[in-house]
Every structure is written in structure tokens, then in C-alpha cells.
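J.: Provided herewith: entry01.cif, mmCIF, C-alpha atoms.
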data_final
loop_
_atom_site.label_atom_id
_atom_site.label_comp_id
_atom_site.auth_asym_id
_atom_site.auth_seq_id
_atom_site.Cartn_x
_atom_site.Cartn_y
_atom_site.Cartn_z
CA MET A 1 -147.96 -44.55 -153.33
CA TRP A 2 -149.62 -46.14 -150.29
CA GLU A 3 -152.36 -48.76 -150.61
CA VAL A 4 -154.40 -49.89 -147.61
CA ASN A 5 -156.62 -52.94 -147.13
CA GLY A 6 -157.83 -53.12 -143.52
CA ASN A 7 -154.61 -52.97 -141.49
CA ASP A 8 -152.48 -54.31 -144.35
CA VAL A 9 -150.34 -51.68 -146.10
CA SER A 10 -148.49 -51.69 -149.43
CA MET A 11 -146.13 -49.28 -151.12
CA ALA A 12 -143.87 -49.22 -154.16
CA GLU A 13 -140.16 -49.73 -153.65
CA HIS A 14 -138.13 -46.57 -152.96
CA ASP A 15 -141.22 -44.45 -152.21
CA PHE A 16 -140.62 -41.85 -149.50
CA GLY A 17 -142.01 -38.56 -148.30
CA LEU A 18 -145.65 -39.67 -148.62
CA LYS A 19 -147.80 -39.57 -145.47
CA LEU A 20 -150.25 -42.28 -144.47
CA PRO A 21 -152.49 -41.27 -141.55
CA PHE A 22 -153.49 -43.82 -138.91
CA THR A 23 -156.33 -42.76 -136.60
CA ILE A 24 -156.82 -44.75 -133.40
CA HIS A 25 -160.50 -44.59 -132.54
CA ASP A 26 -161.11 -46.88 -129.56
CA LEU A 27 -158.33 -45.94 -127.14
CA PRO A 28 -157.87 -42.86 -124.93
CA ILE A 29 -154.68 -41.72 -126.72
CA THR A 30 -153.37 -38.31 -125.64
CA ALA A 31 -150.67 -35.99 -126.92
CA ASN A 32 -148.40 -37.20 -124.09
CA ASP A 33 -148.55 -40.83 -125.20
CA THR A 34 -146.29 -42.65 -127.66
CA ILE A 35 -147.25 -44.89 -130.54
CA LYS A 36 -144.41 -47.15 -131.70
CA MET A 37 -144.45 -48.83 -135.11
CA VAL A 38 -142.12 -51.80 -135.55
CA PHE A 39 -141.38 -53.28 -139.00
CA LYS A 40 -139.90 -56.77 -139.43
CA ARG A 41 -139.41 -59.34 -142.18
CA HIS A 42 -141.34 -61.95 -140.15
CA ARG A 43 -143.21 -61.77 -136.84
CA ASN A 44 -140.36 -63.15 -134.67
CA ASP A 45 -137.45 -61.51 -136.53
CA GLU A 46 -135.39 -58.58 -135.32
CA PRO A 47 -136.81 -55.16 -136.20
CA ILE A 48 -135.77 -53.58 -139.48
CA LEU A 49 -137.15 -50.19 -138.46
CA GLU A 50 -138.82 -48.72 -135.37
CA LYS A 51 -140.63 -45.38 -135.47
CA ASP A 52 -141.91 -43.53 -132.38
CA TYR A 53 -144.73 -40.99 -132.62
CA THR A 54 -145.37 -38.44 -129.86
CA ASN A 55 -147.32 -35.18 -129.68
CA ILE A 56 -150.30 -37.05 -131.14
CA VAL A 57 -153.12 -34.79 -132.34
CA ASP A 58 -156.69 -36.05 -132.79
CA LYS A 59 -155.54 -39.64 -132.08
CA THR A 60 -153.77 -39.64 -135.47
CA ILE A 61 -150.21 -40.43 -136.46
CA GLU A 62 -148.77 -40.17 -139.97
CA LEU A 63 -146.53 -42.92 -141.27
CA GLU A 64 -143.87 -41.42 -143.50
CA PHE A 65 -140.54 -42.88 -144.59
CA THR A 66 -137.40 -40.92 -145.33
CA GLU A 67 -135.40 -42.02 -148.36
CA ASP A 68 -132.96 -43.93 -146.11
CA GLU A 69 -135.83 -45.67 -144.29
CA SER A 70 -137.51 -46.63 -147.56
CA ASN A 71 -134.27 -48.15 -148.81
CA LEU A 72 -134.35 -50.60 -145.88
CA PHE A 73 -137.25 -52.40 -147.61
CA PRO A 74 -136.45 -54.15 -150.90
CA PRO A 75 -139.49 -55.58 -152.69
CA GLY A 76 -141.15 -58.33 -150.70
CA GLY A 77 -143.36 -59.11 -147.75
CA TYR A 78 -142.95 -57.79 -144.22
CA VAL A 79 -145.05 -57.37 -141.08
CA TYR A 80 -145.56 -54.47 -138.71
CA ARG A 81 -147.09 -53.83 -135.33
CA MET A 82 -148.27 -50.69 -133.59
CA ASP A 83 -147.92 -50.38 -129.79
CA TRP A 84 -149.33 -47.80 -127.37
CA TYR A 85 -147.20 -46.47 -124.49
CA GLN A 86 -148.34 -44.11 -121.74
CA ASP A 87 -145.62 -42.46 -119.65
CA GLY A 88 -143.16 -45.02 -121.05
CA VAL A 89 -145.30 -47.98 -119.94
CA PHE A 90 -146.61 -50.43 -122.52
CA MET A 91 -150.42 -50.30 -122.58
CA CYS A 92 -151.46 -52.54 -125.48
CA ASN A 93 -151.01 -53.51 -129.11
CA VAL A 94 -153.03 -51.23 -131.33
CA ILE A 95 -152.20 -53.52 -134.26
CA ASP A 96 -150.67 -56.85 -133.29
CA CYS A 97 -149.29 -58.12 -136.60
CA ALA A 98 -150.33 -56.80 -140.00
CA LYS A 99 -148.86 -57.26 -143.47
CA PHE A 100 -146.58 -54.66 -145.03
CA ARG A 101 -145.81 -55.26 -148.69
CA VAL A 102 -143.28 -53.48 -150.89
CA GLY A 103 -143.94 -53.85 -154.60
CA ASP A 104 -141.36 -53.92 -157.39
CA LYS A 105 -141.52 -50.75 -159.52
CA ALA A 106 -140.26 -52.48 -162.65
#
Would you mind writing the file out in C-alpha cells?
T.:
Amino acid sequence: MWEVNGNDVSMAEHDFGLKLPFTIHDLPITANDTIKMVFKRHRNDEPILEKDYTNIVDKTIELEFTEDESNLFPPGGYVYRMDWYQDGVFMCNVIDCAKFRVGDKA
């Protein structure tokens, strides 16, 4: 189950197949653009997972993990960022650095 507090996101360990919509209100995002989400343990660490979203409808993407992707995140704290690309060119950070927390099911 997803929980959201501002830009900070939490989920329970091993959750997958649940969609969390992100709507980007203040930017001229089109279906031809790309939104990239990058998940890391800490801000300056190497990425654990990168997800690219294209064919964006109504300025909304849906974060969803597969089972394999979910298994990359044992319980603990992480960070994520969301970047906007237009024709392959970086435009800006939609979300610079937000918290991503995975809770222990036990």
C-alpha cells in the first residue's frame, strides 16, 4: 500500500502491482516528453532503480513496481528524484530529492 505525505512516499516491503499517480501541474509536459524517476539509498549514491515514463497523458505518470523491482528495496530509507526531459534534453527537476521509505511488514 502506498502512503504519501507531500512528495515523500512510503510503501510496505515486497508490495508490487499497485499504481501511484503523480500529476505534474506547473510544467508544459506533453506526451512526447519523458519523466525519469531515480531511486537511491542516499542522494549521492548510485541508482538502485531508474524508471522512464513516456506517452504521458494529462501530465500524469503512474509509479508501479514489478515484483523484481520491489525486491530491490529492503525495509529502510531511500530517496528519489523526478526529472523532465524533452526530446532527450534535460529540462528540470520536477522533484529534486524526496524521501522514499519501505516499511517492514512484520
J.: Have a look at A:Ile35, A:Val4, A:Leu49, A:Cys92 and name the one nearest to A:Thr66; count all atoms listed in the file.
T.: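 Going through A:Ile35, A:Val4, A:Leu49, A:Cys92 one by one, the smallest distance to A:Thr66 is for A:Leu49.
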J.: Counting all atoms listed in the file, which residue out of A:Ala12, A:Val102, A:Ile29, A:Leu72 sits closest to A:Glu50?
T.: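 Closest candidate: A:Leu72.
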J.: Would you mind listing what lies within 9 Å of A:Gln86 as a list in words, with all atoms listed in the file counted and same-chain residues fewer than 2 positions away left out?
T.: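 In the requested form, the answer reads Ile29, Thr30, Asn32, Asp33, Thr34, Ile35, Trp84, Gly88, Val89, Phe90 and Met91 of chain A.
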J.: Neighbouring residues of A:Glu64 were defined as those with any atom within 12 Å, considering all atoms listed in the file; residues of the same chain fewer than 6 positions away were excluded. Please report them as a ChimeraX atom specification.
T.: /A:1-2,11,15-22,37,51-53,70
J.: Just how far from atom CA of A:Arg41 is atom CA of A:Val57, in Å to one decimal?
T.: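 The value is 29.8 Å.
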J.: With 12 Å as the threshold, what does the neighbourhood of (-134.7, -59.5, -152.3) contain in terms of residues, counting all atoms listed in the file? Coordinates are those of the file; answer as a PyMOL selection string.
T.: chain A and resi 13+41+71-78+102-104
J.: Could you spell out the hits of the PyMOL selection byres ((chain A and resi 94) around 9) on the shown file, as a list in words?
T.: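 So the PyMOL selection byres ((chain A and resi 94) around 9) ends up selecting Ile24, Leu27, Ile35, Arg81, Met82, Asp83, Trp84, Cys92, Asn93, Ile95 and Asp96 of chain A.
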J.: For this file, the PyMOL selection byres ((chain A and resi 8) around 6) selects which residues, as a PDB file with C-alpha atoms, in the coordinates of the input?
T.:
ATOM      1  CA  VAL A   4    -154.400 -49.890-147.610  1.00  0.00           C
ATOM      2  CA  ASN A   5    -156.620 -52.940-147.130  1.00  0.00           C
ATOM      3  CA  GLY A   6    -157.830 -53.120-143.520  1.00  0.00           C
ATOM      4  CA  ASN A   7    -154.610 -52.970-141.490  1.00  0.00           C
ATOM      5  CA  VAL A   9    -150.340 -51.680-146.100  1.00  0.00           C
ATOM      6  CA  ALA A  98    -150.330 -56.800-140.000  1.00  0.00           C
ATOM      7  CA  LYS A  99    -148.860 -57.260-143.470  1.00  0.00           C
ATOM      8  CA  PHE A 100    -146.580 -54.660-145.030  1.00  0.00           C
TER       9      PHE A 100
END
J.: Distance atom CA of A:Thr23-atom CA of A:Ser10, one decimal place?
T.: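 Rounded to one decimal, the two atoms are 17.5 Å apart.
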J.: I'd like the interatomic distance between atom CA of A:Glu3 and atom CA of A:Val79, to a tenth of an Å.
T.: 14.8 Å
J.: Please return the centre and edge lengths, in Å to one decimal, of a box with edges along x, y and z that contains all listed atoms of stretch 57-68 of chain A, widened by 4 Å on every side, as lines of an AutoDock Vina configuration file.
T.:
center_x = -144.8
center_y = -39.4
center_z = -140.2
size_x = 31.7
size_y = 17.1
size_z = 24.3
J.: Quick check on the file I pasted: which residues fall under the PyMOL selection byres ((chain A and resi 43) around 8)? Write them as a VMD selection string.
T.: chain A and resid 40 to 42 44 to 45 79 to 80 97
J.: Give me stretch 46-75 of chain A from this structure - N, CA and C atoms, as an mmCIF file, in the first residue's frame.
T.:
data_model
loop_
_atom_site.group_PDB
_atom_site.id
_atom_site.type_symbol
_atom_site.label_atom_id
_atom_site.label_comp_id
_atom_site.auth_asym_id
_atom_site.auth_seq_id
_atom_site.Cartn_x
_atom_site.Cartn_y
_atom_site.Cartn_z
ATOM 1 N N GLU A 46 24.841 5.637 -6.072
ATOM 2 C CA GLU A 46 24.466 5.124 -7.390
ATOM 3 C C GLU A 46 22.983 4.750 -7.380
ATOM 4 N N PRO A 47 22.313 4.870 -8.519
ATOM 5 C CA PRO A 47 20.891 4.495 -8.569
ATOM 6 C C PRO A 47 20.673 3.011 -8.279
ATOM 7 N N ILE A 48 19.607 2.745 -7.562
ATOM 8 C CA ILE A 48 19.136 1.374 -7.352
ATOM 9 C C ILE A 48 18.195 1.004 -8.491
ATOM 10 N N LEU A 49 17.371 1.973 -8.890
ATOM 11 C CA LEU A 49 16.379 1.737 -9.933
ATOM 12 C C LEU A 49 16.099 3.053 -10.649
ATOM 13 N N GLU A 50 16.000 2.987 -11.985
ATOM 14 C CA GLU A 50 15.582 4.129 -12.795
ATOM 15 C C GLU A 50 14.383 3.697 -13.624
ATOM 16 N N LYS A 51 13.356 4.538 -13.645
ATOM 17 C CA LYS A 51 12.150 4.237 -14.419
ATOM 18 C C LYS A 51 11.848 5.426 -15.327
ATOM 19 N N ASP A 52 11.672 5.157 -16.628
ATOM 20 C CA ASP A 52 11.333 6.192 -17.600
ATOM 21 C C ASP A 52 9.859 6.078 -17.972
ATOM 22 N N TYR A 53 9.204 7.235 -18.027
ATOM 23 C CA TYR A 53 7.786 7.295 -18.394
ATOM 24 C C TYR A 53 7.651 8.163 -19.632
ATOM 25 N N THR A 54 7.026 7.605 -20.674
ATOM 26 C CA THR A 54 6.745 8.327 -21.911
ATOM 27 C C THR A 54 5.254 8.196 -22.201
ATOM 28 N N ASN A 55 4.815 8.759 -23.312
ATOM 29 C CA ASN A 55 3.392 8.723 -23.669
ATOM 30 C C ASN A 55 2.540 9.211 -22.506
ATOM 31 N N ILE A 56 2.924 10.343 -21.943
ATOM 32 C CA ILE A 56 2.288 10.900 -20.749
ATOM 33 C C ILE A 56 0.942 11.505 -21.122
ATOM 34 N N VAL A 57 -0.098 11.111 -20.404
ATOM 35 C CA VAL A 57 -1.456 11.591 -20.642
ATOM 36 C C VAL A 57 -1.886 12.455 -19.465
ATOM 37 N N ASP A 58 -2.439 13.616 -19.759
ATOM 38 C CA ASP A 58 -2.934 14.535 -18.727
ATOM 39 C C ASP A 58 -1.867 14.873 -17.687
ATOM 40 N N LYS A 59 -0.609 14.982 -18.133
ATOM 41 C CA LYS A 59 0.512 15.346 -17.253
ATOM 42 C C LYS A 59 0.654 14.410 -16.058
ATOM 43 N N THR A 60 0.235 13.148 -16.226
ATOM 44 C CA THR A 60 0.234 12.189 -15.118
ATOM 45 C C THR A 60 1.022 10.937 -15.480
ATOM 46 N N ILE A 61 1.882 10.519 -14.557
ATOM 47 C CA ILE A 61 2.545 9.222 -14.670
ATOM 48 C C ILE A 61 2.073 8.368 -13.501
ATOM 49 N N GLU A 62 2.236 7.071 -13.611
ATOM 50 C CA GLU A 62 1.832 6.158 -12.541
ATOM 51 C C GLU A 62 3.022 5.316 -12.114
ATOM 52 N N LEU A 63 3.490 5.571 -10.898
ATOM 53 C CA LEU A 63 4.561 4.759 -10.338
ATOM 54 C C LEU A 63 3.999 3.391 -9.987
ATOM 55 N N GLU A 64 4.655 2.367 -10.491
ATOM 56 C CA GLU A 64 4.259 0.990 -10.210
ATOM 57 C C GLU A 64 5.514 0.133 -10.259
ATOM 58 N N PHE A 65 5.708 -0.698 -9.241
ATOM 59 C CA PHE A 65 6.843 -1.607 -9.213
ATOM 60 C C PHE A 65 6.404 -3.006 -9.611
ATOM 61 N N THR A 66 7.277 -3.681 -10.361
ATOM 62 C CA THR A 66 7.107 -5.108 -10.585
ATOM 63 C C THR A 66 7.589 -5.823 -9.316
ATOM 64 N N GLU A 67 7.385 -7.101 -9.245
ATOM 65 C CA GLU A 67 7.866 -7.852 -8.086
ATOM 66 C C GLU A 67 9.390 -7.761 -7.976
ATOM 67 N N ASP A 68 10.090 -7.913 -9.108
ATOM 68 C CA ASP A 68 11.555 -7.820 -9.094
ATOM 69 C C ASP A 68 12.032 -6.441 -8.660
ATOM 70 N N GLU A 69 11.368 -5.381 -9.124
ATOM 71 C CA GLU A 69 11.741 -4.026 -8.725
ATOM 72 C C GLU A 69 11.505 -3.812 -7.233
ATOM 73 N N SER A 70 10.390 -4.281 -6.729
ATOM 74 C CA SER A 70 10.075 -4.138 -5.309
ATOM 75 C C SER A 70 11.113 -4.837 -4.439
ATOM 76 N N ASN A 71 11.597 -5.971 -4.901
ATOM 77 C CA ASN A 71 12.585 -6.730 -4.140
ATOM 78 C C ASN A 71 13.945 -6.036 -4.052
ATOM 79 N N LEU A 72 14.155 -4.990 -4.832
ATOM 80 C CA LEU A 72 15.392 -4.209 -4.761
ATOM 81 C C LEU A 72 15.446 -3.331 -3.511
ATOM 82 N N PHE A 73 14.291 -3.204 -2.814
ATOM 83 C CA PHE A 73 14.182 -2.265 -1.701
ATOM 84 C C PHE A 73 13.831 -2.982 -0.401
ATOM 85 N N PRO A 74 14.848 -3.461 0.339
ATOM 86 C CA PRO A 74 14.558 -3.991 1.671
ATOM 87 C C PRO A 74 14.088 -2.844 2.571
ATOM 88 N N PRO A 75 13.452 -3.169 3.698
ATOM 89 C CA PRO A 75 12.975 -2.103 4.580
ATOM 90 C C PRO A 75 14.080 -1.103 4.912
#
